[in-house]
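Structure file entry.pdb (PDB, C-alpha atoms) is printed below.
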MODEL        1
ATOM      1  CA  MET H  11      16.425 -22.245  81.190
ATOM      2  CA  PRO H  12      16.178 -18.426  81.662
ATOM      3  CA  ALA H  13      13.514 -16.439  79.795
ATOM      4  CA  ARG H  14      14.708 -14.770  76.606
ATOM      5  CA  ARG H  15      14.632 -11.009  76.570
ATOM      6  CA  THR H  16      14.218  -9.028  73.386
ATOM      7  CA  ASP H  17      16.915  -6.411  72.897
ATOM      8  CA  TRP H  18      14.938  -3.742  71.033
ATOM      9  CA  GLY H  19      17.965  -1.444  70.826
ATOM     10  CA  LYS H  20      19.942  -4.057  68.873
ATOM     11  CA  ILE H  21      16.976  -4.803  66.615
ATOM     12  CA  LEU H  22      16.511  -1.111  65.780
ATOM     13  CA  LEU H  23      20.239  -0.627  65.222
ATOM     14  CA  ASP H  24      20.372  -3.644  62.912
ATOM     15  CA  LEU H  25      17.313  -2.387  61.050
ATOM     16  CA  HIS H  26      18.792   1.077  60.507
ATOM     17  CA  THR H  27      22.257  -0.147  59.525
ATOM     18  CA  GLY H  28      20.879  -2.591  56.973
ATOM     19  CA  LYS H  29      21.752  -5.847  58.750
ATOM     20  CA  ILE H  30      18.025  -6.634  58.665
ATOM     21  CA  GLY H  31      16.610  -6.254  55.165
ATOM     22  CA  GLY H  32      19.821  -5.066  53.475
ATOM     23  CA  GLU H  33      19.584  -2.144  51.059
ATOM     24  CA  PRO H  34      15.850  -2.603  50.409
ATOM     25  CA  GLY H  35      15.270  -2.483  54.192
ATOM     26  CA  LYS H  36      17.225   0.771  54.462
ATOM     27  CA  ALA H  37      15.257   2.238  51.557
ATOM     28  CA  LEU H  38      11.992   1.153  53.187
ATOM     29  CA  MET H  39      13.023   2.761  56.491
ATOM     30  CA  SER H  40      13.988   5.975  54.675
ATOM     31  CA  MET H  41      10.614   6.102  52.930
ATOM     32  CA  ALA H  42       8.822   5.481  56.233
ATOM     33  CA  ALA H  43      10.812   8.326  57.841
ATOM     34  CA  LEU H  44       9.933  10.704  55.006
ATOM     35  CA  LEU H  45       6.268   9.706  55.246
ATOM     36  CA  LEU H  46       6.317  10.327  58.993
ATOM     37  CA  LEU H  47       7.877  13.776  58.484
ATOM     38  CA  PHE H  48       5.266  14.628  55.837
ATOM     39  CA  LEU H  49       2.394  13.497  58.065
ATOM     40  CA  THR H  50       3.762  15.543  60.962
ATOM     41  CA  ALA H  51       4.131  18.706  58.861
ATOM     42  CA  SER H  52       0.707  18.342  57.227
ATOM     43  CA  GLY H  53      -0.919  17.680  60.610
ATOM     44  CA  ALA H  54       0.656  20.839  62.043
ATOM     45  CA  TYR H  55      -0.599  22.776  59.015
ATOM     46  CA  PHE H  56      -4.161  21.469  59.352
ATOM     47  CA  TRP H  57      -4.084  22.237  63.080
ATOM     48  CA  ALA H  58      -2.710  25.792  62.725
ATOM     49  CA  LYS H  59      -4.672  26.955  59.657
ATOM     50  CA  PRO H  60      -8.104  27.267  61.363
ATOM     51  CA  LEU H  61      -6.501  29.069  64.314
ATOM     52  CA  LEU H  62      -4.832  31.586  62.039
ATOM     53  CA  ILE H  63      -8.041  32.124  60.050
ATOM     54  CA  ARG H  64     -10.059  32.699  63.248
ATOM     55  CA  ARG H  65      -7.439  35.113  64.571
ATOM     56  CA  ARG H  66      -7.393  37.064  61.297
ATOM     57  CA  ASN H  67     -11.206  37.235  61.181
ATOM     58  CA  ALA H  68     -11.368  38.369  64.804
ATOM     59  CA  ARG H  69      -9.026  41.266  64.039
ATOM     60  CA  ARG H  70     -11.214  42.336  61.105
ATOM     61  CA  CYS H  71     -14.416  42.280  63.170
ATOM     62  CA  VAL H  72     -13.126  44.422  66.033
ATOM     63  CA  PRO H  73     -14.064  48.064  65.347
ATOM     64  CA  ALA H  74     -11.218  50.529  65.405
ATOM     65  CA  ALA H  75     -10.990  52.642  68.520
ATOM     66  CA  THR H  76     -12.456  56.090  67.958
ATOM     67  CA  PRO H  77     -10.534  59.042  69.332
ATOM     68  CA  PRO H  78     -12.283  61.060  72.058
ATOM     69  CA  LYS H  79     -14.251  64.066  70.873
ATOM     70  CA  ALA H  80     -12.699  67.481  71.323
ATOM     71  CA  ASP H  81     -14.489  70.250  73.238
ATOM     72  CA  SER H  82     -15.477  72.020  70.033
ATOM     73  CA  GLU H  83     -17.223  68.894  68.749
ATOM     74  CA  SER H  84     -19.079  68.219  71.977
ATOM     75  CA  ASN H  85     -20.103  71.880  72.441
ATOM     76  CA  PRO H  86     -21.524  73.200  69.148
ATOM     77  CA  SER H  87     -21.914  76.757  70.501
ATOM     78  CA  ARG H  88     -18.158  77.282  70.395
ATOM     79  CA  SER H  89     -16.557  77.793  67.021
ATOM     80  CA  PRO H  90     -13.685  75.482  66.113
ATOM     81  CA  ALA H  91     -10.212  76.977  66.122
ATOM     82  CA  ARG H  92      -8.710  77.557  62.717
ATOM     83  CA  GLU H  93      -5.555  75.754  61.800
ATOM     84  CA  PRO H  94      -2.809  77.716  60.093
ATOM     85  CA  ALA H  95      -2.439  77.091  56.373
ATOM     86  CA  ARG H  96       0.313  74.649  55.490
ATOM     87  CA  VAL H  97       2.685  75.592  52.739
TER
ENDMDL
END
Exercise: express the given structure as structure tokens:
Amino acid sequence: MPARRTDWGKILLDLHTGKIGGEPGKALMSMAALLLLFLTASGAYFWAKPLLIRRRNARRCVPAATPPKADSESNPSRSPAREPARV
């Protein structure tokens, strides 16, 4: 007598079409699918949230780049040039 092999593809197809468990089985599979989607989304959220917080805090802590000083600021003996009045 040959060894029996389990055809997992047929079992899964029967489970999803309702041949195993009928309507309650289909409802149970739908609930399990929704739970799996929720767990995946919440896991991605809990994984990404600390990364985003650290990235935002790192941007706040970096001092803004200061522009280079002009000649008049570095040499106080020279008087700064006057800008024309804006109208």
Inset, instruction - Name every residue that the PyMOL selection byres ((chain H and resi 26) around 12) selects in this structure, writing the answer as a PyMOL selection string with chains first and numbers rising. - result: chain H and resi 19-25+27-40+42-43
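If you look at CA of Asp17 in chain H and CA of Leu47 in chain H, they are 26.4 Å away from each other.
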Would you give the centre and edge lengths, in Å to one decimal, of a box along x, y and z around the listed atoms of range 55-60 of chain H, with 8 Å added to each side, as AutoDock Vina command-line options?
--center_x -4.4 --center_y 24.4 --center_z 61.0 --size_x 23.5 --size_y 21.8 --size_z 20.1
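Put simply, CA of Phe48 in chain H is 19.2 Å away from CA of Pro60 in chain H.
Reported to one decimal place, the separation of CA of Ala51 in chain H from CA of Arg70 in chain H is 28.3 Å.
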